[in-house]
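Structure record follows, encoded as structure tokens.
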Amino acid sequence: MYTRRSGWGRSGREGRGGRGGHQHSRRMFNKLVKDGNASFDLRDVQPFLEGMSSFDSKPELLTILSDNRNHGALRLHDCLSMISGPRCVENILTPILSNILVKETARPLHKARRNMVINVIYSTPGLMEFLASEWTDDLERSTGDTIRLVCEFLVESSLSIVDARSSNEVKTIAERLRTTKLCDD
């Protein structure tokens, strides 16, 4: 049914994305990933993360982030570079990891792309040093979900990245998590 307000067969809120409130975030995500010259600052982090979360298919998200024709790696680095303290881990790193480290992306067909994105996160300048020092000093304030995701990230990094196996930062984070009994691995 055509209405002047919403066009053919759509309500005004859904638009092309079909998910209502996530439409703006998805458009913003797509623009930032496709346009390497787009500016990225702190106000872009939340829409970018919401755009990531709007994907029903996490393997599709991995494909977009790992495609060399896009700028997914750059945007992940941009987001992670906005971490300025232990509380930012909850707001930035946790949503990224929760979209990447899911059962759907652990399947053999998607494992290579997942490992590429894990490598991008791991190689973000200063991230592992920050997690090993400031974040682990304030572990009591972190949620169980964040701790679980960081533990899973460390395990996956160690399995797929040779440098992570001998990294002092990974060892420090793992040891602090073990001594506080917050991580089983």
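For the structure tokens, the naming scheme is as follows: chains receive sequential letters (A, B, ...) according to their order of presentation, residues are indexed from 1 within each chain, and ligands are indexed from 1 in presentation order.
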
Against region 124-127 of chain A, which residues of region 13-99 of chain A fall within 8 Å? For each one I want the closest pair of atoms and the distance in Å (one decimal), counting only C-alpha atoms, rows by chain and increasing residue number, as a tab-separated table.
```
residue	atom	partner	partner_atom	distance
A:His77	CA	A:Thr124	CA	5.6
A:Leu80	CA	A:Thr124	CA	7.2
A:Ser81	CA	A:Thr124	CA	7.6
```

Could you name the residues that touch Ile92 (chain A) at 9 Å or less, counting only C-alpha atoms, but leaving out those on the same chain fewer than 6 positions away, as an mmCIF file with C-alpha atoms, in the first residue's frame?
```cif
data_model
loop_
_atom_site.group_PDB
_atom_site.id
_atom_site.type_symbol
_atom_site.label_atom_id
_atom_site.label_comp_id
_atom_site.auth_asym_id
_atom_site.auth_seq_id
_atom_site.Cartn_x
_atom_site.Cartn_y
_atom_site.Cartn_z
ATOM 1 C CA VAL A 45 31.787 5.820 18.336
ATOM 2 C CA GLN A 46 28.285 5.075 19.649
ATOM 3 C CA LEU A 49 28.928 0.414 17.623
ATOM 4 C CA CYS A 79 36.989 3.296 17.994
ATOM 5 C CA LEU A 80 39.512 1.543 20.181
ATOM 6 C CA MET A 82 38.953 6.465 21.997
ATOM 7 C CA ILE A 83 39.381 4.295 25.111
#
```

Each region 101-167 of chain A residue no farther than 9 Å from region 50-58 of chain A, nearest pair in Å, only C-alpha atoms, as a tab-separated table:
```
residue	atom	partner	partner_atom	distance
A:Val102	CA	A:Lys58	CA	7.9
A:Glu104	CA	A:Lys58	CA	6.9
A:Thr105	CA	A:Lys58	CA	6.6
```

Since we have the selection now, will you write its residues out, keeping N, CA and C atoms, as an mmCIF file, in the first residue's frame?
```cif
data_model
loop_
_atom_site.group_PDB
_atom_site.id
_atom_site.type_symbol
_atom_site.label_atom_id
_atom_site.label_comp_id
_atom_site.auth_asym_id
_atom_site.auth_seq_id
_atom_site.Cartn_x
_atom_site.Cartn_y
_atom_site.Cartn_z
ATOM 1 N N VAL A 102 31.107 -14.549 18.766
ATOM 2 C CA VAL A 102 29.838 -15.257 18.913
ATOM 3 C C VAL A 102 29.964 -16.630 18.266
ATOM 4 N N GLU A 104 28.243 -18.078 16.060
ATOM 5 C CA GLU A 104 28.027 -18.040 14.613
ATOM 6 C C GLU A 104 29.330 -17.767 13.850
ATOM 7 N N THR A 105 30.218 -16.940 14.415
ATOM 8 C CA THR A 105 31.476 -16.618 13.736
ATOM 9 C C THR A 105 32.589 -17.601 14.051
#
```

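Shortest atom-to-atom contact with Lys103 (chain A) among A:Gln23, A:Glu152, A:Val33, A:Lys171: A:Glu152, counting only C-alpha atoms.
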
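With only C-alpha atoms taken into account, the protein and nucleic acid residues at most 9 Å from Met116 (chain A) (excluding it and anything under 5 positions from it in its own chain) are Leu62, Ser66, Lys111, Ile121 and Ser160 of chain A.
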
Backbone DSSP call of alpha helix (DSSP H) for region 7-124 of chain A, listed as a PyMOL selection string: chain A and resi 22-34+42-53+58-66+72-80+86-88+94-100+108-122

Contact residues around Ser39 (chain A) with only C-alpha atoms at 12 Å, ignoring same-chain residues under 5 positions, as a VMD selection string: chain A and resid 28 31 to 33 44 to 45 74 to 75 78

Selection above as a file: C-alpha atoms, as a CSV table (one decimal), in the first residue's frame:
```csv
chain,number,residue,atom,x,y,z
A,28,MET,CA,26.5,5.9,9.7
A,31,LYS,CA,29.4,5.5,5.5
A,32,LEU,CA,32.3,5.3,8.0
A,33,VAL,CA,33.4,1.9,6.7
A,44,ASP,CA,30.9,8.7,16.1
A,45,VAL,CA,31.8,5.8,18.3
A,74,LEU,CA,40.8,1.7,10.3
A,75,ARG,CA,37.4,2.3,12.0
A,78,ASP,CA,39.6,4.6,15.5
```

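With only C-alpha atoms as the atoms that count, the residue of A:Leu61, A:Leu93, A:Leu76, A:Ala112 with the shortest distance to Phe40 (chain A) is A:Leu76.
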
List the neighbours of Asn168 (chain A) out to 10 Å using only C-alpha atoms; skip same-chain residues closer than 6 positions along the sequence, and give me the result as a PyMOL selection string. chain A and resi 128-129+132+174

Selection file, all heavy atoms, as a compact mmCIF listing (two decimals), in the first residue's frame:
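So out_15.txt came out as:
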```txt
# COMPACT_ATOMS: atom_id res chain seq x y z
N MET A 128 46.72 -3.33 24.17
CA MET A 128 47.14 -4.42 25.06
C MET A 128 47.90 -3.87 26.27
O MET A 128 47.73 -4.37 27.38
CB MET A 128 47.99 -5.44 24.30
CG MET A 128 47.22 -6.14 23.18
SD MET A 128 45.62 -6.83 23.66
CE MET A 128 46.11 -8.12 24.75
N GLU A 129 48.70 -2.84 26.06
CA GLU A 129 49.41 -2.22 27.17
C GLU A 129 48.42 -1.61 28.17
O GLU A 129 48.58 -1.73 29.38
CB GLU A 129 50.38 -1.15 26.67
CG GLU A 129 51.54 -1.67 25.87
CD GLU A 129 51.21 -1.91 24.39
OE1 GLU A 129 50.05 -1.64 23.96
OE2 GLU A 129 52.10 -2.38 23.67
N ALA A 132 46.69 -4.36 30.11
CA ALA A 132 47.61 -4.98 31.08
C ALA A 132 47.88 -4.10 32.29
O ALA A 132 48.17 -4.61 33.37
CB ALA A 132 48.93 -5.33 30.39
N ALA A 174 46.32 -12.19 31.73
CA ALA A 174 45.87 -13.53 32.09
C ALA A 174 46.20 -13.84 33.55
O ALA A 174 45.37 -14.40 34.28
CB ALA A 174 46.49 -14.56 31.16
```

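If only C-alpha atoms are the atoms counted, then among A:Asp163, A:Asp35, A:Glu60, A:Glu90 the closest residue to Leu139 (chain A) is A:Glu90.
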